[in-house]
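Visitor: Next comes the structure file protein10.txt, holding compact mmCIF, C-alpha atoms.
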# COMPACT_ATOMS: atom_id res chain seq x y z
CA MET R 29 81.26 -9.78 50.16
CA ARG R 30 81.78 -6.51 48.23
CA LYS R 31 78.33 -6.77 46.61
CA ARG R 32 76.71 -7.39 49.99
CA LEU R 33 78.51 -4.38 51.50
CA LEU R 34 77.37 -2.15 48.64
CA HIS R 35 73.81 -3.47 49.07
CA PHE R 36 73.74 -2.44 52.73
CA ILE R 37 75.33 0.95 52.02
CA MET R 38 72.62 1.66 49.44
CA ILE R 39 69.87 0.63 51.87
CA PHE R 40 71.20 2.81 54.70
CA CYS R 41 71.67 5.81 52.42
CA SER R 42 68.11 5.35 51.16
CA ALA R 43 66.81 5.20 54.74
CA ALA R 44 68.67 8.38 55.68
CA ALA R 45 67.19 10.20 52.70
CA PHE R 46 63.63 9.94 54.00
CA ALA R 47 64.22 9.48 57.72
CA GLN R 48 62.09 12.54 58.46
CA ALA R 49 59.22 11.38 56.23
CA ILE R 50 58.69 7.79 57.29
CA TYR R 51 55.31 6.27 56.48
CA ASP R 52 54.43 2.84 57.81
CA GLY R 53 51.27 1.00 58.68
CA PRO R 54 48.61 0.78 59.55
CA HIS R 55 49.34 -2.04 61.98
CA LEU R 56 46.27 -3.47 63.67
CA LEU R 57 47.35 -4.90 67.03
CA TYR R 58 45.26 -6.75 69.60
CA ASP R 59 46.02 -6.09 73.26
CA GLY R 60 43.98 -6.67 76.42
CA GLY R 61 40.73 -7.27 74.58
CA LYS R 62 41.12 -4.09 72.55
CA ALA R 63 42.28 -3.45 69.00
CA TRP R 64 44.67 -0.63 68.22
CA VAL R 65 45.76 0.86 64.93
CA LYS R 66 49.34 2.07 65.05
CA SER R 67 50.85 4.05 62.19
CA VAL R 68 53.66 6.40 61.31
CA ASN R 69 52.73 9.22 58.95
CA ASN R 70 55.42 11.72 57.95
CA GLY R 71 57.54 10.59 60.89
CA ILE R 72 54.76 11.03 63.45
CA ALA R 73 53.46 7.93 65.25
CA THR R 74 49.82 7.53 66.24
CA ALA R 75 47.90 4.88 68.17
CA ILE R 76 44.12 4.86 67.86
CA GLU R 77 41.66 2.38 69.32
CA VAL R 78 39.73 0.72 66.51
CA LYS R 79 36.24 2.11 66.12
CA ASP R 80 35.66 1.78 62.39
CA LYS R 81 35.62 -1.48 60.47
CA LYS R 82 38.36 -0.32 58.13
CA VAL R 83 41.93 0.97 58.16
CA GLU R 84 43.54 3.68 56.08
CA VAL R 85 46.78 3.07 54.18
CA LYS R 86 48.65 6.33 53.62
CA PHE R 87 51.67 7.27 51.52
CA GLU R 88 53.88 10.30 51.17
CA ASN R 89 52.18 10.61 47.78
CA SER R 90 48.55 10.84 48.86
CA ASN R 91 47.37 9.82 45.38
CA LEU R 92 48.33 6.26 46.34
CA ASP R 93 46.22 6.16 49.54
CA PHE R 94 43.50 3.55 49.96
CA SER R 95 41.20 2.16 52.63
CA VAL R 96 40.80 -1.49 53.61
CA PRO R 97 37.65 -2.99 55.15
CA LEU R 98 38.55 -5.36 57.99
CA ARG R 99 37.34 -8.94 58.05
CA LYS R 100 35.48 -10.70 60.81
CA ASN R 101 37.33 -13.96 60.23
CA LEU R 102 40.52 -15.19 58.60
CA LYS R 103 40.64 -18.77 57.32
CA ASN R 104 43.48 -20.93 56.07
CA GLU R 105 43.71 -20.99 52.29
CA PRO R 106 42.80 -24.09 50.29
CA SER R 107 45.74 -25.90 48.70
CA VAL R 108 44.16 -27.08 45.44
CA PHE R 109 42.20 -25.07 42.85
CA ARG R 110 40.65 -25.71 39.47
CA GLN R 111 42.36 -24.29 36.41
CA PRO R 112 41.17 -20.69 35.91
CA LYS R 113 40.73 -19.25 32.43
CA LYS R 114 43.02 -16.34 33.31
CA MET R 115 46.11 -16.19 35.55
CA PHE R 116 48.40 -13.26 36.34
CA VAL R 117 51.57 -14.49 38.06
CA VAL R 118 54.32 -12.51 39.78
CA SER R 119 56.89 -13.18 42.49
CA ASP R 120 59.42 -11.44 44.74
CA LEU R 121 57.60 -8.15 45.23
CA GLU R 122 59.88 -7.30 48.19
CA GLY R 123 58.30 -4.00 49.14
CA GLN R 124 58.10 -2.56 45.60
CA PHE R 125 54.53 -1.27 45.90
CA GLU R 126 54.50 1.28 43.10
CA GLY R 127 55.93 -1.14 40.54
CA PHE R 128 53.41 -3.77 41.60
CA ARG R 129 50.56 -1.27 41.38
CA ALA R 130 51.75 -0.11 37.96
CA ILE R 131 51.78 -3.59 36.43
CA LEU R 132 48.33 -4.36 37.84
CA LEU R 133 46.97 -1.10 36.43
CA ALA R 134 48.63 -1.47 33.03
CA ASN R 135 47.18 -4.95 32.55
CA LYS R 136 43.69 -4.22 33.89
CA VAL R 137 43.83 -6.30 37.04
CA ILE R 138 42.83 -3.25 39.10
CA ASP R 139 41.80 0.33 38.36
CA LYS R 140 43.20 3.53 39.90
CA GLU R 141 40.79 3.28 42.82
CA TYR R 142 42.08 -0.22 43.59
CA ASN R 143 38.91 -1.92 42.40
CA TRP R 144 39.29 -5.47 41.06
CA ILE R 145 38.57 -5.49 37.31
CA TYR R 146 40.12 -8.86 36.45
CA GLY R 147 36.79 -10.68 36.64
CA LYS R 148 37.18 -14.41 37.26
CA GLY R 149 40.92 -14.25 36.76
CA HIS R 150 43.42 -15.37 39.40
CA LEU R 151 46.28 -13.20 40.66
CA VAL R 152 49.15 -15.39 41.94
CA ILE R 153 52.09 -14.14 44.03
CA CYS R 154 54.84 -16.77 44.29
CA GLY R 155 56.40 -15.53 47.49
CA ASP R 156 58.47 -12.73 49.03
CA LEU R 157 56.46 -9.75 50.17
CA PHE R 158 59.09 -8.73 52.75
CA ASP R 159 62.59 -7.22 52.78
CA ARG R 160 64.78 -4.87 50.77
CA GLY R 161 61.98 -2.51 49.70
CA SER R 162 60.24 0.19 51.75
CA SER R 163 56.54 -0.53 51.05
CA VAL R 164 56.06 -4.03 52.45
CA THR R 165 53.12 -3.23 54.72
CA GLU R 166 51.27 -1.45 51.93
CA ILE R 167 51.58 -4.46 49.61
CA MET R 168 50.11 -6.75 52.25
CA TRP R 169 47.13 -4.50 52.85
CA LEU R 170 46.51 -4.25 49.12
CA LEU R 171 46.48 -8.04 48.78
CA TYR R 172 44.27 -8.31 51.88
CA LYS R 173 41.83 -5.90 50.19
CA LEU R 174 41.96 -7.49 46.73
CA GLU R 175 41.31 -10.98 48.08
CA VAL R 176 37.80 -9.96 49.09
CA LEU R 177 37.10 -7.96 45.93
CA ALA R 178 38.34 -10.77 43.67
CA LYS R 179 36.10 -13.36 45.31
CA LYS R 180 33.06 -11.14 44.80
CA SER R 181 33.77 -11.24 41.05
CA GLY R 182 34.47 -14.96 40.94
CA GLY R 183 38.25 -14.42 40.85
CA TYR R 184 40.96 -15.21 43.38
CA VAL R 185 44.17 -13.85 44.87
CA HIS R 186 46.80 -16.42 45.85
CA THR R 187 49.54 -15.21 48.19
CA ILE R 188 52.11 -17.99 48.56
CA LEU R 189 54.89 -17.48 51.11
CA GLY R 190 58.58 -17.19 50.21
CA ASN R 191 61.82 -17.37 52.14
CA HIS R 192 61.81 -13.68 53.07
CA ASP R 193 58.30 -13.98 54.48
CA ILE R 194 59.31 -16.95 56.63
CA MET R 195 62.53 -15.18 57.65
CA ASN R 196 60.61 -12.18 58.98
CA LEU R 197 58.00 -14.25 60.78
CA SER R 198 60.75 -16.25 62.50
CA GLY R 199 62.98 -13.29 63.41
CA ASP R 200 65.65 -13.40 60.70
CA LEU R 201 65.81 -9.72 59.79
CA ARG R 202 69.12 -9.55 57.93
CA TYR R 203 67.54 -8.11 54.75
CA LEU R 204 64.97 -5.87 56.43
CA HIS R 205 64.88 -2.28 55.17
CA PRO R 206 66.09 -0.10 58.09
CA LYS R 207 62.96 2.03 57.81
CA TYR R 208 61.00 -0.68 59.62
CA LEU R 209 63.16 -0.79 62.72
CA GLU R 210 62.94 2.99 62.89
CA SER R 211 59.15 3.02 62.45
CA SER R 212 58.66 0.34 65.13
CA LYS R 213 60.70 2.48 67.54
CA LEU R 214 58.54 5.48 66.74
CA MET R 215 55.42 3.40 67.46
CA GLY R 216 56.95 2.13 70.70
CA VAL R 217 56.69 -1.55 69.78
CA ASP R 218 59.04 -4.38 68.97
CA TYR R 219 59.18 -5.03 65.22
CA MET R 220 58.33 -8.70 65.69
CA SER R 221 55.02 -7.79 67.36
CA LEU R 222 53.82 -6.17 64.13
CA PHE R 223 53.49 -9.59 62.48
CA SER R 224 52.79 -11.75 65.52
CA THR R 225 49.60 -13.71 66.23
CA ASN R 226 48.38 -10.58 68.04
CA SER R 227 48.34 -8.57 64.82
CA GLU R 228 45.93 -8.64 61.90
CA LEU R 229 48.65 -8.90 59.27
CA GLY R 230 50.42 -11.61 61.28
CA ARG R 231 47.24 -13.65 61.48
CA TRP R 232 46.61 -13.07 57.77
CA LEU R 233 50.10 -14.25 56.81
CA ARG R 234 49.65 -17.46 58.79
CA THR R 235 46.63 -18.38 56.67
CA LYS R 236 48.83 -18.54 53.56
CA ASN R 237 50.35 -21.62 51.94
CA THR R 238 53.87 -22.63 50.99
CA ILE R 239 52.75 -24.41 47.82
CA GLU R 240 49.54 -24.59 45.78
CA LYS R 241 48.20 -26.61 42.90
CA ILE R 242 46.28 -24.30 40.59
CA GLY R 243 44.82 -26.43 37.83
CA GLU R 244 47.70 -27.83 35.80
CA ASN R 245 50.25 -25.63 37.59
CA LEU R 246 52.27 -26.27 40.75
CA CYS R 247 53.08 -22.89 42.29
CA MET R 248 55.60 -22.16 45.02
CA HIS R 249 58.40 -19.73 45.76
CA ALA R 250 61.64 -21.56 45.00
CA GLY R 251 60.98 -25.07 43.74
CA VAL R 252 60.43 -28.72 44.62
CA SER R 253 63.68 -30.62 45.05
CA PRO R 254 64.17 -34.40 44.88
CA VAL R 255 64.37 -34.33 48.69
CA ILE R 256 60.79 -33.05 48.88
CA ASN R 257 59.64 -35.54 46.25
CA GLU R 258 61.01 -38.43 48.29
CA LEU R 259 58.79 -37.50 51.22
CA GLY R 260 55.72 -38.31 49.16
CA TYR R 261 53.46 -35.65 50.69
CA SER R 262 50.54 -34.07 48.85
CA VAL R 263 50.25 -30.29 48.47
CA LYS R 264 47.66 -30.20 51.25
CA GLU R 265 49.83 -32.28 53.58
CA ILE R 266 52.86 -30.07 52.98
CA ASN R 267 50.86 -26.97 53.93
CA GLU R 268 49.30 -28.59 56.99
CA LEU R 269 52.68 -29.79 58.26
CA SER R 270 54.45 -26.49 57.53
CA ARG R 271 51.94 -23.94 58.84
CA PRO R 272 52.61 -24.34 62.59
CA PHE R 273 56.31 -23.60 62.02
CA TYR R 274 56.21 -20.36 60.00
CA ASP R 275 57.47 -18.41 63.01
CA GLN R 276 59.59 -21.16 64.56
CA VAL R 277 62.23 -21.94 61.93
CA LYS R 278 65.04 -21.12 64.37
CA ARG R 279 63.76 -23.88 66.64
CA LEU R 280 63.97 -26.59 64.01
CA LYS R 281 66.92 -28.92 64.38
CA GLY R 282 67.88 -28.80 60.74
CA VAL R 283 69.29 -32.32 60.66
CA GLY R 284 66.39 -34.06 58.95
CA ASP R 285 65.05 -35.87 61.97
CA GLN R 286 61.88 -33.81 62.07
CA LYS R 287 59.39 -34.29 59.26
CA VAL R 288 59.03 -30.55 58.71
CA ASP R 289 62.75 -29.77 58.49
CA PRO R 290 63.05 -30.45 54.73
CA PHE R 291 60.39 -27.82 53.97
CA PHE R 292 62.38 -25.03 55.66
CA ILE R 293 66.02 -26.00 56.11
CA GLY R 294 68.77 -26.13 53.51
CA LYS R 295 69.21 -25.56 49.80
CA SER R 296 66.70 -28.30 48.96
CA SER R 297 63.81 -26.66 50.83
CA LEU R 298 60.67 -25.23 49.22
CA PHE R 299 61.89 -21.69 49.98
CA TRP R 300 65.56 -21.93 48.99
CA TYR R 301 65.87 -24.44 46.13
CA ARG R 302 67.44 -23.05 42.93
CA GLY R 303 67.91 -26.29 41.01
CA TYR R 304 65.77 -25.30 38.02
CA PHE R 305 67.96 -22.31 37.22
CA ILE R 306 71.56 -22.68 38.46
CA GLU R 307 74.08 -25.48 38.98
CA PRO R 308 73.78 -28.15 40.13
CA LYS R 309 70.64 -28.21 38.02
CA ALA R 310 67.77 -30.64 38.37
CA THR R 311 67.70 -33.35 35.75
CA GLU R 312 64.83 -33.73 33.30
CA ALA R 313 63.90 -36.93 35.14
CA GLU R 314 63.69 -35.10 38.46
CA VAL R 315 61.44 -32.43 36.99
CA ASN R 316 59.26 -35.11 35.40
CA ASN R 317 59.07 -36.88 38.75
CA THR R 318 57.67 -33.74 40.37
CA LEU R 319 55.10 -33.30 37.63
CA GLU R 320 54.00 -36.92 37.97
CA LEU R 321 53.86 -36.90 41.76
CA PHE R 322 51.69 -33.79 41.93
CA LYS R 323 49.77 -34.52 38.72
CA VAL R 324 50.51 -31.21 37.01
CA ASN R 325 51.94 -30.11 33.67
CA ARG R 326 54.00 -27.17 34.86
CA ILE R 327 56.00 -25.82 37.81
CA ILE R 328 55.91 -22.06 38.41
CA ALA R 329 58.65 -20.61 40.63
CA GLY R 330 60.28 -17.32 41.62
CA HIS R 331 63.24 -16.83 43.98
CA THR R 332 66.01 -16.92 41.34
CA ILE R 333 66.57 -13.99 38.99
CA ILE R 334 67.76 -15.17 35.58
CA GLU R 335 68.41 -12.86 32.65
CA GLY R 336 65.60 -13.51 30.21
CA ASN R 337 62.91 -14.13 32.79
CA VAL R 338 59.96 -14.38 32.52
CA ALA R 339 60.99 -17.59 30.69
CA PHE R 340 60.28 -21.28 30.20
CA TYR R 341 62.76 -23.99 31.16
CA TYR R 342 62.88 -27.75 30.60
CA GLY R 343 60.86 -27.45 27.43
CA GLY R 344 58.07 -25.51 29.11
CA LYS R 345 57.77 -27.72 32.18
CA VAL R 346 59.14 -24.96 34.43
CA LEU R 347 58.16 -21.29 34.28
CA GLY R 348 60.54 -18.85 36.00
CA VAL R 349 58.91 -15.56 37.00
CA ASP R 350 61.49 -13.81 39.20
CA VAL R 351 62.74 -10.49 37.77
CA ASN R 352 64.74 -7.66 39.35
CA ARG R 353 61.98 -5.32 40.49
CA HIS R 354 64.48 -3.24 42.48
CA LYS R 355 65.98 -2.20 39.14
CA GLY R 356 62.60 -1.38 37.64
CA ASP R 357 61.98 -4.66 35.81
CA HIS R 358 58.29 -5.25 36.47
CA GLN R 359 57.00 -8.24 34.53
CA ALA R 360 54.36 -10.92 35.01
CA ALA R 361 53.46 -14.21 33.38
CA VAL R 362 49.91 -14.27 32.04
CA TYR R 363 47.76 -17.22 31.03
CA GLU R 364 44.77 -16.42 28.84
CA ASN R 365 42.87 -18.21 26.08
CA GLY R 366 44.97 -21.31 26.67
CA LYS R 367 48.26 -19.51 26.04
CA TRP R 368 51.08 -18.03 28.13
CA PHE R 369 52.76 -14.67 27.50
CA ALA R 370 54.69 -12.07 29.50
CA VAL R 371 53.60 -8.49 30.21
CA ASP R 372 55.27 -5.44 31.74
CA ASP R 373 54.21 -2.35 33.68
CA LYS R 374 53.57 -0.44 30.45
CA GLY R 375 51.03 -3.01 29.27
CA LYS R 376 53.34 -4.41 26.59
CA SER R 377 53.25 -8.16 25.99
CA ARG R 378 55.73 -10.61 24.51
CA THR R 379 56.04 -14.28 23.78
CA ILE R 380 57.68 -16.21 26.60
CA LYS R 381 60.99 -17.61 25.38
CA PHE R 382 62.43 -21.04 26.11
CA GLN R 383 65.77 -21.01 27.91
How would this structure read if it were set down as structure tokens?
Guide:
Amino acid sequence: MRKRLLHFIMIFCSAAAFAQAIYDGPHLLYDGGKAWVKSVNNGIATAIEVKDKKVEVKFENSNLDFSVPLRKNLKNEPSVFRQPKKMFVVSDLEGQFEGFRAILLANKVIDKEYNWIYGKGHLVICGDLFDRGSSVTEIMWLLYKLEVLAKKSGGYVHTILGNHDIMNLSGDLRYLHPKYLESSKLMGVDYMSLFSTNSELGRWLRTKNTIEKIGENLCMHAGVSPVINELGYSVKEINELSRPFYDQVKRLKGVGDQKVDPFFIGKSSLFWYRGYFIEPKATEAEVNNTLELFKVNRIIAGHTIIEGNVAFYYGGKVLGVDVNRHKGDHQAAVYENGKWFAVDDKGKSRTIKFQ
């Protein structure tokens, strides 16, 4: 309880410190057959009818600004991919834009102009764009932009949803940085409308998956519990069943009598499971069962910060990638030339240890 109280005090003090210099957006909203871009720049809200085919993302530090071409169509992501030669894996970004940008720059995934320079490599985000941090919107627009640029080079950006993403889409705002409620008031809109089906970012988020099979790797936010294994669904089936309920978690019964409940509700769900990292831990047999069911060699998960991450568990069968970005620990797991290693935001690399 004391830790939670201190957490909220820190957030509110942080919000007060820049209350006069709020930056948020852009938010592209559809209303009455028109499209509007709403933003807050230096505490001043604007609403402009969309004329251009791009939006501008602005920061208090203008050196971070970038533009994003808008897409004509948004399609649901595939669930299964071939093994790429290069992978760059992070999780739990939680509004930490500058740290995310720094690690991408230091490891030549992007350049300073936000161009994709990772070639045919795949950038994988294992959940949690939302909450705690103050640059959530900016991270989403950067990923939206990089998805297109990566594909042009033969690469790919995978944005897999985590518990904080689902929480925000379904109205659970307990960890939301107070800046966002203030900015929505300034724009004259309800916060929930910013990520609804009448918004570009809301539509984009709903195209994302809860779990993906990328070559020999099974990637998700938290983990795959024995409860999920017992259902016997494929990766594609899990995503197809889950997608309609991203913004309706509060309506689920949570008693296991709906086939989608196990994906969202309880400690055994895809978004909340911690069994690879803390007690009661999954057994070796349970981990092996997951690998066999999904025909992969490795599980990659975020959600649970463990000292020593990025690290291997269960003899390399599980890769934990969650680190405390709010305390400046910006690391990623990288696969290249058939080997895994960890990198940081200074470009330094290390061997991934076995826990």
Visitor: Residues at most 10 Å from segment 363-374 of chain R, counting all atoms listed in the file, excluding those fewer than 6 positions away in the same chain, as a compact mmCIF listing (two decimals) with C-alpha atoms, keeping the file's coordinate frame?
Guide:
# COMPACT_ATOMS: atom_id res chain seq x y z
CA PRO R 112 41.17 -20.69 35.91
CA LYS R 113 40.73 -19.25 32.43
CA LYS R 114 43.02 -16.34 33.31
CA MET R 115 46.11 -16.19 35.55
CA PHE R 116 48.40 -13.26 36.34
CA VAL R 117 51.57 -14.49 38.06
CA GLY R 127 55.93 -1.14 40.54
CA PHE R 128 53.41 -3.77 41.60
CA ARG R 129 50.56 -1.27 41.38
CA ALA R 130 51.75 -0.11 37.96
CA ILE R 131 51.78 -3.59 36.43
CA LEU R 132 48.33 -4.36 37.84
CA LEU R 133 46.97 -1.10 36.43
CA ALA R 134 48.63 -1.47 33.03
CA ASN R 135 47.18 -4.95 32.55
CA GLY R 149 40.92 -14.25 36.76
CA HIS R 150 43.42 -15.37 39.40
CA ASN R 337 62.91 -14.13 32.79
CA VAL R 338 59.96 -14.38 32.52
CA ALA R 339 60.99 -17.59 30.69
CA PHE R 340 60.28 -21.28 30.20
CA LEU R 347 58.16 -21.29 34.28
CA VAL R 349 58.91 -15.56 37.00
CA GLY R 356 62.60 -1.38 37.64
CA ASP R 357 61.98 -4.66 35.81
CA ILE R 380 57.68 -16.21 26.60
CA LYS R 381 60.99 -17.61 25.38
Visitor: Env of segment 261-265 of chain R: 10 Å cut, atoms = all atoms listed in the file, seq-sep filter 3 positions within chain, self excluded. Answer as number ranges by chain.
Guide: R: 106-108, 237-241, 246, 256-258, 268-270, 321-322
Visitor: Quick one: write out the picked residues with C-alpha atoms as a CSV table (one decimal), in the frame of the given file?
Guide:
chain,number,residue,atom,x,y,z
R,106,PRO,CA,42.8,-24.1,50.3
R,107,SER,CA,45.7,-25.9,48.7
R,108,VAL,CA,44.2,-27.1,45.4
R,237,ASN,CA,50.4,-21.6,51.9
R,238,THR,CA,53.9,-22.6,51.0
R,239,ILE,CA,52.8,-24.4,47.8
R,240,GLU,CA,49.5,-24.6,45.8
R,241,LYS,CA,48.2,-26.6,42.9
R,246,LEU,CA,52.3,-26.3,40.8
R,256,ILE,CA,60.8,-33.0,48.9
R,257,ASN,CA,59.6,-35.5,46.2
R,258,GLU,CA,61.0,-38.4,48.3
R,268,GLU,CA,49.3,-28.6,57.0
R,269,LEU,CA,52.7,-29.8,58.3
R,270,SER,CA,54.4,-26.5,57.5
R,321,LEU,CA,53.9,-36.9,41.8
R,322,PHE,CA,51.7,-33.8,41.9
Visitor: Leaving out Val65 of chain R and any residue of its chain fewer than 3 positions from it, which residues lie within 8 Å of it when counting only C-alpha atoms, given as a list in words?
Guide: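 Here the answer would be Pro54, His55, Leu56, Leu57, Thr74, Ala75, Ile76, Glu77, Val78 and Val83 of chain R.
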Visitor: Env of segment 192-206 of chain R: 7 Å cut, atoms = all atoms listed in the file, seq-sep filter 2 positions within chain, self excluded. Answer as a PyMOL selection string.
Guide: chain R and resi 39-40+43+156-162+189-190+208-210+220+223+274-278
Visitor: Of the residues R:Gly294, R:Gly230, R:Gly182, R:Gly216, which is the one nearest to Trp169 of chain R, using all atoms listed in the file?
Guide: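 Residue with the minimum atom-to-atom distance to Trp169 of chain R: R:Gly230.
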Visitor: For Val324 of chain R, which residue out of R:Asp289, R:Glu244, R:Glu307, R:Glu141 is the nearest one, using all atoms listed in the file?
Guide: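 Of the candidates, the smallest distance to Val324 of chain R is held by R:Glu244.
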Visitor: What is the distance, in Å and to one decimal place, between atom CA of Ile334 of chain R and atom CA of Gly348 of chain R?
Guide: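 That distance, rounded to one decimal, is 8.1 Å.
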Visitor: Which residues, written as number ranges by chain, have at least one atom at most 12 Å from Glu228 of chain R, with all atoms listed in the file counted and residues fewer than 6 positions away on the same chain left out?
Guide: R: 53-59, 63-66, 82-83, 98-102, 165, 168-169, 172, 221-222, 234-235
Visitor: Which of these residues is nearest to Glu122 of chain R, using only C-alpha atoms: R:Asn352, R:Thr311, R:Thr318, R:Ser90?
Guide: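 Among the listed residues, the smallest separation from Glu122 of chain R belongs to R:Asn352.
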Visitor: Working from the structure I just supplied, which lacks atoms in segment 246-257 of chain R, can you model N, CA and C atoms there and output them as an mmCIF file, in the frame of the given file?
Guide:
data_model
loop_
_atom_site.group_PDB
_atom_site.id
_atom_site.type_symbol
_atom_site.label_atom_id
_atom_site.label_comp_id
_atom_site.auth_asym_id
_atom_site.auth_seq_id
_atom_site.Cartn_x
_atom_site.Cartn_y
_atom_site.Cartn_z
ATOM 1 N N LEU R 246 51.803 -26.137 39.378
ATOM 2 C CA LEU R 246 52.270 -26.270 40.750
ATOM 3 C C LEU R 246 53.043 -25.005 41.076
ATOM 4 N N CYS R 247 52.513 -24.212 42.009
ATOM 5 C CA CYS R 247 53.080 -22.890 42.290
ATOM 6 C C CYS R 247 53.689 -22.840 43.678
ATOM 7 N N MET R 248 54.919 -22.351 43.748
ATOM 8 C CA MET R 248 55.600 -22.160 45.020
ATOM 9 C C MET R 248 56.639 -21.069 44.831
ATOM 10 N N HIS R 249 57.414 -20.795 45.884
ATOM 11 C CA HIS R 249 58.400 -19.730 45.760
ATOM 12 C C HIS R 249 59.663 -20.163 45.033
ATOM 13 N N ALA R 250 60.321 -21.198 45.538
ATOM 14 C CA ALA R 250 61.640 -21.560 45.000
ATOM 15 C C ALA R 250 61.615 -22.774 44.093
ATOM 16 N N GLY R 251 61.007 -23.866 44.554
ATOM 17 C CA GLY R 251 60.980 -25.070 43.740
ATOM 18 C C GLY R 251 60.799 -26.309 44.598
ATOM 19 N N VAL R 252 60.620 -27.436 43.933
ATOM 20 C CA VAL R 252 60.430 -28.720 44.620
ATOM 21 C C VAL R 252 61.634 -29.609 44.286
ATOM 22 N N SER R 253 62.462 -29.837 45.256
ATOM 23 C CA SER R 253 63.680 -30.620 45.050
ATOM 24 C C SER R 253 63.394 -32.111 45.144
ATOM 25 N N PRO R 254 64.329 -32.949 44.711
ATOM 26 C CA PRO R 254 64.170 -34.400 44.880
ATOM 27 C C PRO R 254 63.964 -34.805 46.335
ATOM 28 N N VAL R 255 64.551 -34.038 47.261
ATOM 29 C CA VAL R 255 64.370 -34.330 48.690
ATOM 30 C C VAL R 255 62.901 -34.234 49.084
ATOM 31 N N ILE R 256 62.224 -33.214 48.581
ATOM 32 C CA ILE R 256 60.790 -33.050 48.880
ATOM 33 C C ILE R 256 59.986 -34.154 48.186
ATOM 34 N N ASN R 257 60.347 -34.470 46.960
ATOM 35 C CA ASN R 257 59.640 -35.540 46.250
ATOM 36 C C ASN R 257 59.684 -36.856 47.011
#
